[in-house]
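Visitor: Input structure: target-v3.cif, which contains mmCIF, C-alpha atoms.
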```cif
data_final
loop_
_atom_site.group_PDB
_atom_site.id
_atom_site.type_symbol
_atom_site.label_atom_id
_atom_site.label_comp_id
_atom_site.auth_asym_id
_atom_site.auth_seq_id
_atom_site.Cartn_x
_atom_site.Cartn_y
_atom_site.Cartn_z
ATOM 1 C CA MET A 22 -0.720 -11.795 -9.976
ATOM 2 C CA SER A 23 -0.577 -13.586 -6.656
ATOM 3 C CA ALA A 24 -3.031 -13.137 -3.821
ATOM 4 C CA VAL A 25 -0.697 -10.864 -1.864
ATOM 5 C CA GLU A 26 -0.427 -8.493 -4.802
ATOM 6 C CA TRP A 27 -4.201 -8.412 -5.197
ATOM 7 C CA ILE A 28 -4.584 -7.552 -1.511
ATOM 8 C CA ARG A 29 -2.011 -4.788 -1.865
ATOM 9 C CA PHE A 30 -3.762 -3.407 -4.951
ATOM 10 C CA ILE A 31 -7.162 -3.368 -3.265
ATOM 11 C CA ALA A 32 -5.842 -1.780 -0.050
ATOM 12 C CA GLY A 33 -4.012 0.946 -1.973
ATOM 13 C CA SER A 34 -7.054 1.605 -4.167
ATOM 14 C CA ILE A 35 -9.276 2.000 -1.110
ATOM 15 C CA PHE A 36 -6.926 4.622 0.330
ATOM 16 C CA LEU A 37 -6.733 6.434 -3.024
ATOM 17 C CA VAL A 38 -10.526 6.478 -3.360
ATOM 18 C CA ILE A 39 -10.847 7.849 0.194
ATOM 19 C CA GLY A 40 -8.407 10.601 -0.758
ATOM 20 C CA MET A 41 -10.405 11.429 -3.888
ATOM 21 C CA VAL A 42 -13.647 11.603 -1.886
ATOM 22 C CA ILE A 43 -11.994 13.979 0.563
ATOM 23 C CA PHE A 44 -10.755 16.181 -2.292
ATOM 24 C CA PHE A 45 -14.269 16.243 -3.716
ATOM 25 C CA THR A 46 -15.682 17.200 -0.296
ATOM 26 C CA GLU A 47 -13.110 19.973 -0.106
ATOM 27 C CA LEU A 48 -14.193 21.359 -3.473
ATOM 28 C CA PHE A 49 -17.863 21.126 -2.514
ATOM 29 C CA GLY A 50 -17.209 22.979 0.732
ATOM 30 C CA VAL A 51 -15.185 25.663 -1.001
ATOM 31 C CA PHE A 52 -18.099 26.412 -3.342
ATOM 32 C CA HIS A 53 -20.786 25.948 -0.699
ATOM 33 C CA PHE A 54 -19.627 28.360 2.003
ATOM 34 C CA LYS A 55 -20.102 32.087 1.616
ATOM 35 C CA TYR A 56 -17.081 33.635 3.285
ATOM 36 C CA VAL A 57 -13.318 33.087 3.159
ATOM 37 C CA LEU A 58 -12.866 32.167 6.799
ATOM 38 C CA ASN A 59 -15.558 29.481 6.399
ATOM 39 C CA ARG A 60 -14.119 28.246 3.123
ATOM 40 C CA MET A 61 -10.683 27.934 4.671
ATOM 41 C CA HIS A 62 -12.053 25.288 7.023
ATOM 42 C CA ALA A 63 -12.988 23.089 4.070
ATOM 43 C CA ALA A 64 -9.790 23.844 2.176
ATOM 44 C CA ALA A 65 -7.478 22.887 5.023
ATOM 45 C CA MET A 66 -9.023 19.415 5.162
ATOM 46 C CA GLY A 67 -7.642 18.395 1.779
ATOM 47 C CA ASP A 68 -4.186 19.720 2.593
ATOM 48 C CA THR A 69 -3.678 17.255 5.438
ATOM 49 C CA LEU A 70 -6.187 14.400 5.304
ATOM 50 C CA GLY A 71 -6.726 14.249 1.528
ATOM 51 C CA ILE A 72 -3.094 14.215 0.470
ATOM 52 C CA SER A 73 -2.076 11.899 3.299
ATOM 53 C CA SER A 74 -4.651 9.256 2.344
ATOM 54 C CA CYS A 75 -3.702 9.537 -1.331
ATOM 55 C CA LEU A 76 -0.020 9.187 -0.529
ATOM 56 C CA ILE A 77 -0.629 6.284 1.888
ATOM 57 C CA GLY A 78 -2.372 4.493 -0.994
ATOM 58 C CA LEU A 79 0.587 5.212 -3.285
ATOM 59 C CA MET A 80 3.012 4.064 -0.545
ATOM 60 C CA ILE A 81 1.190 0.724 -0.371
ATOM 61 C CA PHE A 82 1.524 0.410 -4.169
ATOM 62 C CA SER A 83 5.183 1.330 -4.091
ATOM 63 C CA GLY A 84 6.344 -1.108 -1.418
ATOM 64 C CA LEU A 85 9.258 -0.551 0.937
ATOM 65 C CA ASN A 86 11.854 1.613 -0.801
ATOM 66 C CA PHE A 87 13.178 5.162 -0.945
ATOM 67 C CA THR A 88 10.163 6.474 -2.875
ATOM 68 C CA THR A 89 7.935 5.490 0.052
ATOM 69 C CA MET A 90 10.188 7.338 2.470
ATOM 70 C CA LYS A 91 10.092 10.499 0.369
ATOM 71 C CA MET A 92 6.287 10.334 0.163
ATOM 72 C CA PHE A 93 6.182 10.016 3.951
ATOM 73 C CA LEU A 94 8.406 13.107 4.156
ATOM 74 C CA ILE A 95 5.927 15.032 1.984
ATOM 75 C CA VAL A 96 3.056 14.060 4.288
ATOM 76 C CA VAL A 97 5.009 15.071 7.410
ATOM 77 C CA PHE A 98 6.015 18.378 5.815
ATOM 78 C CA LEU A 99 2.409 19.171 4.903
ATOM 79 C CA TRP A 100 1.218 18.378 8.421
ATOM 80 C CA PHE A 101 3.451 21.206 9.610
ATOM 81 C CA ALA A 102 3.015 23.583 6.669
ATOM 82 C CA SER A 103 -0.756 23.492 6.161
ATOM 83 C CA PRO A 104 -1.793 24.902 9.578
ATOM 84 C CA VAL A 105 0.840 27.616 9.259
ATOM 85 C CA SER A 106 -0.358 28.692 5.826
ATOM 86 C CA SER A 107 -4.002 28.634 6.977
ATOM 87 C CA HIS A 108 -3.057 30.826 9.919
ATOM 88 C CA VAL A 109 -1.204 33.294 7.711
ATOM 89 C CA LEU A 110 -4.121 33.430 5.262
ATOM 90 C CA SER A 111 -6.635 34.118 8.029
ATOM 91 C CA ARG A 112 -4.359 36.835 9.389
ATOM 92 C CA LEU A 113 -4.305 38.353 5.906
ATOM 93 C CA GLU A 114 -8.091 38.307 5.805
ATOM 94 C CA ALA A 115 -8.484 39.726 9.319
ATOM 95 C CA ALA A 116 -5.907 42.463 8.706
ATOM 96 C CA THR A 117 -7.212 43.666 5.352
ATOM 97 C CA ASN A 118 -11.003 43.326 5.701
ATOM 98 C CA GLU A 119 -12.560 46.542 6.979
ATOM 99 C CA HIS A 120 -16.054 45.038 7.198
ATOM 100 C CA LEU A 121 -15.082 41.904 9.101
ATOM 101 C CA SER A 122 -17.841 42.368 11.689
ATOM 102 C CA GLU A 123 -20.491 41.930 8.973
ATOM 103 C CA ASN A 124 -19.364 38.355 8.398
ATOM 104 C CA CYS A 125 -18.383 37.147 11.858
ATOM 105 C CA GLU A 126 -18.655 38.207 15.476
ATOM 106 C CA ILE A 127 -15.687 40.126 16.857
ATOM 107 C CA TYR A 128 -14.853 40.486 20.532
ATOM 108 C CA GLU A 129 -12.492 43.200 21.675
ATOM 109 C CA ASP A 130 -10.987 41.077 24.447
ATOM 110 C CA VAL A 131 -11.306 37.574 25.853
ATOM 111 C CA GLU A 132 -13.306 38.673 28.902
ATOM 112 C CA SER A 133 -16.309 39.954 26.916
ATOM 113 C CA LEU A 134 -16.387 36.657 24.988
ATOM 114 C CA GLU A 135 -16.310 34.705 28.269
ATOM 115 C CA GLN A 136 -19.087 36.828 29.721
ATOM 116 C CA GLU A 137 -21.294 36.269 26.708
ATOM 117 C CA LEU A 138 -20.603 32.539 26.724
ATOM 118 C CA ALA A 139 -21.453 32.339 30.452
ATOM 119 C CA ALA A 140 -24.685 34.266 29.877
ATOM 120 C CA LYS A 141 -25.592 31.932 27.004
ATOM 121 C CA ARG A 142 -24.894 28.847 29.118
ATOM 122 C CA GLU A 143 -27.059 30.192 31.939
ATOM 123 C CA ARG A 144 -29.897 30.922 29.519
ATOM 124 C CA GLU A 145 -29.705 27.383 28.144
ATOM 125 C CA ASN A 146 -29.688 25.880 31.645
ATOM 126 C CA THR A 147 -32.766 27.807 32.749
ATOM 127 C CA GLY A 148 -34.481 26.959 29.456
ATOM 128 C CA GLU A 149 -33.840 23.271 30.002
ATOM 129 C CA LYS A 150 -35.247 23.419 33.505
ATOM 130 C CA GLU A 151 -38.417 25.025 32.229
ATOM 131 C CA ALA A 152 -38.771 22.531 29.433
ATOM 132 C CA TYR A 153 -38.011 19.468 31.542
ATOM 133 C CA PRO A 154 -39.213 20.066 35.112
ATOM 134 C CA SER A 155 -37.799 17.370 37.367
ATOM 135 C CA MET B 9 3.160 -7.253 -17.653
ATOM 136 C CA GLU B 10 -0.113 -8.375 -16.164
ATOM 137 C CA LYS B 11 0.527 -6.170 -13.155
ATOM 138 C CA GLU B 12 0.851 -3.057 -15.318
ATOM 139 C CA MET B 13 -2.445 -3.804 -17.033
ATOM 140 C CA ILE B 14 -4.236 -3.366 -13.700
ATOM 141 C CA TYR B 15 -2.315 -0.421 -12.278
ATOM 142 C CA HIS B 16 -2.178 1.630 -15.486
ATOM 143 C CA PRO B 17 -5.944 2.275 -15.982
ATOM 144 C CA LEU B 18 -6.386 3.136 -12.276
ATOM 145 C CA PHE B 19 -3.667 5.769 -12.468
ATOM 146 C CA ILE B 20 -5.074 7.210 -15.694
ATOM 147 C CA VAL B 21 -8.575 7.498 -14.217
ATOM 148 C CA LEU B 22 -7.202 9.166 -11.081
ATOM 149 C CA LEU B 23 -5.179 11.624 -13.158
ATOM 150 C CA ILE B 24 -8.233 12.579 -15.212
ATOM 151 C CA LEU B 25 -10.348 13.091 -12.071
ATOM 152 C CA LEU B 26 -7.611 15.192 -10.471
ATOM 153 C CA SER B 27 -7.270 17.378 -13.544
ATOM 154 C CA PHE B 28 -11.011 18.100 -13.522
ATOM 155 C CA MET B 29 -10.780 19.032 -9.838
ATOM 156 C CA LEU B 30 -7.830 21.277 -10.688
ATOM 157 C CA LEU B 31 -9.966 23.122 -13.258
ATOM 158 C CA ILE B 32 -12.711 23.638 -10.670
ATOM 159 C CA CYS B 33 -10.086 25.044 -8.259
ATOM 160 C CA LEU B 34 -9.030 27.436 -11.008
ATOM 161 C CA ILE B 35 -12.634 28.637 -11.303
ATOM 162 C CA ARG B 36 -12.586 29.360 -7.563
ATOM 163 C CA ALA B 37 -9.338 31.278 -7.975
ATOM 164 C CA VAL B 38 -10.827 33.391 -10.770
ATOM 165 C CA LYS B 39 -14.186 33.958 -9.038
ATOM 166 C CA GLY B 40 -12.907 34.534 -5.502
ATOM 167 C CA PRO B 41 -13.998 37.991 -4.407
ATOM 168 C CA ARG B 42 -11.123 38.510 -1.964
ATOM 169 C CA VAL B 43 -7.365 38.003 -2.153
ATOM 170 C CA ALA B 44 -7.503 35.316 0.555
ATOM 171 C CA ASP B 45 -9.919 33.328 -1.642
ATOM 172 C CA ARG B 46 -7.487 33.308 -4.527
ATOM 173 C CA LEU B 47 -4.518 32.370 -2.364
ATOM 174 C CA MET B 48 -6.516 29.552 -0.780
ATOM 175 C CA ALA B 49 -7.436 28.234 -4.235
ATOM 176 C CA VAL B 50 -3.775 28.350 -5.284
ATOM 177 C CA ASN B 51 -2.888 26.391 -2.150
ATOM 178 C CA MET B 52 -5.512 23.748 -3.003
ATOM 179 C CA MET B 53 -4.219 23.512 -6.560
ATOM 180 C CA GLY B 54 -0.729 22.940 -5.187
ATOM 181 C CA THR B 55 -1.964 20.046 -3.078
ATOM 182 C CA MET B 56 -3.685 18.409 -6.048
ATOM 183 C CA VAL B 57 -0.634 18.863 -8.273
ATOM 184 C CA MET B 58 1.455 17.155 -5.588
ATOM 185 C CA VAL B 59 -0.793 14.095 -5.727
ATOM 186 C CA MET B 60 -0.612 14.151 -9.541
ATOM 187 C CA ILE B 61 3.196 14.246 -9.487
ATOM 188 C CA SER B 62 3.331 11.344 -7.027
ATOM 189 C CA ILE B 63 0.973 9.281 -9.212
ATOM 190 C CA LEU B 64 3.116 10.077 -12.272
ATOM 191 C CA ALA B 65 6.229 8.939 -10.353
ATOM 192 C CA LEU B 66 4.689 5.487 -9.946
ATOM 193 C CA LEU B 67 3.129 5.450 -13.432
ATOM 194 C CA LEU B 68 6.369 6.292 -15.243
ATOM 195 C CA LYS B 69 8.512 4.362 -12.686
ATOM 196 C CA GLU B 70 10.723 7.425 -12.166
ATOM 197 C CA GLY B 71 11.463 7.721 -8.449
ATOM 198 C CA TYR B 72 13.074 11.139 -8.704
ATOM 199 C CA LEU B 73 9.709 12.749 -9.493
ATOM 200 C CA VAL B 74 8.874 12.405 -5.781
ATOM 201 C CA ASP B 75 11.841 14.681 -5.005
ATOM 202 C CA ILE B 76 10.292 17.264 -7.311
ATOM 203 C CA CYS B 77 7.020 16.824 -5.425
ATOM 204 C CA LEU B 78 8.776 17.569 -2.110
ATOM 205 C CA ILE B 79 10.336 20.714 -3.545
ATOM 206 C CA TYR B 80 6.946 21.706 -4.998
ATOM 207 C CA ALA B 81 5.400 21.395 -1.528
ATOM 208 C CA MET B 82 8.064 23.654 -0.026
ATOM 209 C CA ILE B 83 7.790 26.293 -2.756
ATOM 210 C CA SER B 84 3.979 26.302 -2.632
ATOM 211 C CA PHE B 85 4.062 26.844 1.143
ATOM 212 C CA LEU B 86 6.662 29.587 0.780
ATOM 213 C CA ALA B 87 4.628 31.322 -1.942
ATOM 214 C CA VAL B 88 1.478 31.470 0.196
ATOM 215 C CA VAL B 89 3.342 32.830 3.238
ATOM 216 C CA VAL B 90 5.351 35.391 1.273
ATOM 217 C CA ILE B 91 2.404 36.695 -0.782
ATOM 218 C CA SER B 92 0.275 37.039 2.367
ATOM 219 C CA LYS B 93 2.997 38.981 4.159
ATOM 220 C CA VAL B 94 3.606 41.220 1.150
ATOM 221 C CA TYR B 95 -0.101 41.950 0.770
ATOM 222 C CA ILE B 96 -0.480 42.802 4.478
ATOM 223 C CA GLY B 97 2.501 45.157 4.128
ATOM 224 C CA ILE B 98 1.034 46.876 1.055
ATOM 225 C CA TYR B 99 -2.328 47.295 2.785
ATOM 226 C CA GLU B 100 -0.799 48.801 5.917
ATOM 227 C CA GLU B 101 1.296 51.176 3.851
ATOM 228 C CA LYS B 102 -1.823 52.271 1.987
ATOM 229 C CA GLN B 103 -3.675 52.870 5.259
ATOM 230 C CA HIS B 104 -0.706 54.854 6.562
ATOM 231 C CA ASN B 105 -0.673 57.028 3.448
ATOM 232 C CA LEU B 106 -4.416 57.624 3.718
ATOM 233 C CA GLU B 107 -4.076 58.720 7.344
ATOM 234 C CA ASN B 108 -1.361 61.176 6.442
ATOM 235 C CA GLY B 109 -3.472 62.638 3.654
ATOM 236 C CA GLU B 110 -1.073 61.686 0.880
ATOM 237 C CA GLY B 111 -3.139 58.832 -0.473
ATOM 238 C CA SER B 112 -4.318 60.340 -3.745
ATOM 239 C CA ASP B 113 -2.887 57.538 -5.931
ATOM 240 C CA ALA B 114 -3.732 54.847 -3.346
ATOM 241 C CA ASP B 115 -7.305 56.129 -3.340
ATOM 242 C CA GLU B 116 -7.584 55.640 -7.088
ATOM 243 C CA ARG B 117 -6.417 52.032 -6.859
ATOM 244 C CA SER B 118 -9.037 51.060 -4.310
#
```
Mind turning this structure into C-alpha cells?

Guide:
Amino acid sequence: MSAVEWIRFIAGSIFLVIGMVIFFTELFGVFHFKYVLNRMHAAAMGDTLGISSCLIGLMIFSGLNFTTMKMFLIVVFLWFASPVSSHVLSRLEAATNEHLSENCEIYEDVESLEQELAAKRERENTGEKEAYPS
Amino acid sequence: MEKEMIYHPLFIVLLILLSFMLLICLIRAVKGPRVADRLMAVNMMGTMVMVMISILALLLKEGYLVDICLIYAMISFLAVVVISKVYIGIYEEKQHNLENGEGSDADERS
C-alpha cells in the first residue's frame, strides 16, 4: 500500500471511531436519563452526528464514485428526517401523558413563561450585586 | 490483496461492536416504560442498522446495498411517524369514549 492509501485508511478510521464513540454516548445517555423527553435529546444525537461521521469515514474509504454519492444522500435525508421524527415522538409523549407536569414544567401560555424568566433574571442580578458589591 | 487484509478486520470489529450496541438498544425497547421510549429505541436501532448495511456494502463490494440502506432510512422514518400518529389517534378516541361514558372496554385495556 502506498502512502496515500495509508493516509486515506487512517482518516477514514478516525471518522469511523468518532462515529462509534458518539453511538456509545447515545446509548449511555439513553440509559442514564430518567424520562423520555430527556432521553430523546441523547437519541437524536446519534441520528444526525453519529451516522454522518460513520458515513463520512466510509465515503473516504470508498473514494469518488456512485456509492459515495448515495451515502451522502442518506446523510442529507437523515438531517431532514431525524428532527421531524423527534418532533412527532415528543408530540406523542405530550399528547398521551396525563401526568406530564410531574416530569417537566408546563406553562399555559408564553407570557407566564416570560414573566417567570424575567423574575428569575432579576433575582440573579440582585443576588450578584449583593455577592459582589462594586 | 494487501489492502483487503487491512480493511477486512476493521470492518469485522466495527460490525461486532455495532451488533452489541443493537442488542443494548433492544433492551431499551423492551424495558421502556412508555410507548415513546420504545419508538425511540426502534429509531436508534434503525440508525445503527443503516451503518451496518453501509459497512457491508464496502466489505462485500456490492454497491447496490447502499440503495437498500437509503430505502431502509425512508421506511424507518415513515414507520416512526405513522405509528406515532396512529397511537395519538387511538388515545384521543379512547378519551372521547371515556367522556361520553361508553368507555367500558377502553377502561379495561388501560

Visitor: Mind pulling up the distance from atom CA of A:Asn59 to atom CA of A:Ser111?

Guide: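 If I compute the distance from atom CA of A:Ser111 to atom CA of A:Asn59, I get 10.2 Å.
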
Visitor: With only C-alpha atoms counted and 8 Å as the cut-off, give the residues of chain A in contact with chain B, each with its shortest interatomic distance in Å and the pair that gives it, as JSON lines.

Guide:
```
{"residue": "A:Met22", "atom": "CA", "partner": "B:Lys11", "partner_atom": "CA", "distance": 6.6}
{"residue": "A:Phe45", "atom": "CA", "partner": "B:Met29", "partner_atom": "CA", "distance": 7.6}
{"residue": "A:Leu48", "atom": "CA", "partner": "B:Cys33", "partner_atom": "CA", "distance": 7.3}
{"residue": "A:Val51", "atom": "CA", "partner": "B:Arg36", "partner_atom": "CA", "distance": 8.0}
{"residue": "A:Phe52", "atom": "CA", "partner": "B:Arg36", "partner_atom": "CA", "distance": 7.5}
{"residue": "A:Val57", "atom": "CA", "partner": "B:Asp45", "partner_atom": "CA", "distance": 5.9}
{"residue": "A:Met61", "atom": "CA", "partner": "B:Met48", "partner_atom": "CA", "distance": 7.0}
{"residue": "A:Ala64", "atom": "CA", "partner": "B:Met52", "partner_atom": "CA", "distance": 6.7}
{"residue": "A:Gly67", "atom": "CA", "partner": "B:Met52", "partner_atom": "CA", "distance": 7.5}
{"residue": "A:Asp68", "atom": "CA", "partner": "B:Thr55", "partner_atom": "CA", "distance": 6.1}
{"residue": "A:Ile72", "atom": "CA", "partner": "B:Val59", "partner_atom": "CA", "distance": 6.6}
{"residue": "A:Cys75", "atom": "CA", "partner": "B:Val59", "partner_atom": "CA", "distance": 7.0}
{"residue": "A:Leu76", "atom": "CA", "partner": "B:Val59", "partner_atom": "CA", "distance": 7.2}
{"residue": "A:Leu79", "atom": "CA", "partner": "B:Ile63", "partner_atom": "CA", "distance": 7.2}
{"residue": "A:Ser83", "atom": "CA", "partner": "B:Leu66", "partner_atom": "CA", "distance": 7.2}
{"residue": "A:Thr88", "atom": "CA", "partner": "B:Gly71", "partner_atom": "CA", "distance": 5.9}
{"residue": "A:Lys91", "atom": "CA", "partner": "B:Val74", "partner_atom": "CA", "distance": 6.6}
{"residue": "A:Met92", "atom": "CA", "partner": "B:Val74", "partner_atom": "CA", "distance": 6.8}
{"residue": "A:Leu94", "atom": "CA", "partner": "B:Leu78", "partner_atom": "CA", "distance": 7.7}
{"residue": "A:Ile95", "atom": "CA", "partner": "B:Leu78", "partner_atom": "CA", "distance": 5.6}
{"residue": "A:Phe98", "atom": "CA", "partner": "B:Ala81", "partner_atom": "CA", "distance": 8.0}
{"residue": "A:Leu99", "atom": "CA", "partner": "B:Ala81", "partner_atom": "CA", "distance": 7.4}
{"residue": "A:Ala102", "atom": "CA", "partner": "B:Phe85", "partner_atom": "CA", "distance": 6.5}
{"residue": "A:Ser103", "atom": "CA", "partner": "B:Phe85", "partner_atom": "CA", "distance": 7.7}
{"residue": "A:Ser106", "atom": "CA", "partner": "B:Val89", "partner_atom": "CA", "distance": 6.1}
{"residue": "A:Val109", "atom": "CA", "partner": "B:Val89", "partner_atom": "CA", "distance": 6.4}
{"residue": "A:Leu110", "atom": "CA", "partner": "B:Ala44", "partner_atom": "CA", "distance": 6.1}
{"residue": "A:Ser111", "atom": "CA", "partner": "B:Ala44", "partner_atom": "CA", "distance": 7.6}
{"residue": "A:Leu113", "atom": "CA", "partner": "B:Ser92", "partner_atom": "CA", "distance": 5.9}
{"residue": "A:Glu114", "atom": "CA", "partner": "B:Ala44", "partner_atom": "CA", "distance": 6.1}
{"residue": "A:Ala116", "atom": "CA", "partner": "B:Ile96", "partner_atom": "CA", "distance": 6.9}
{"residue": "A:Thr117", "atom": "CA", "partner": "B:Tyr99", "partner_atom": "CA", "distance": 6.6}
```

Visitor: Let me know the centre plus edge lengths, in Å and rounded to one decimal, of a box with edges along x, y and z that contains all listed atoms of stretch 133-144 of chain A and is padded by 5 Å on every side, as AutoDock Vina command-line options.

Guide:
```
--center_x -23.1 --center_y 34.4 --center_z 28.5 --size_x 23.6 --size_y 21.1 --size_z 17.0
```

Visitor: Using atom CA of A:Arg60 and atom CA of A:Pro104 as the two end points, give the distance in Å to one decimal.

Guide: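 A separation of 14.3 Å between them.
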
Visitor: Pick the closest to A:Ile31 from A:Ile81, A:Leu70, A:Ser107, A:Phe49: which is it, counting all atoms listed in the file?

Guide: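 With all atoms listed in the file as the atom set, the closest residue is A:Ile81.
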
Visitor: Atom CA of A:Met66 and atom CA of A:Val42 are how many Å apart?

Guide: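 Computing it gives 11.5 Å between the two atoms.
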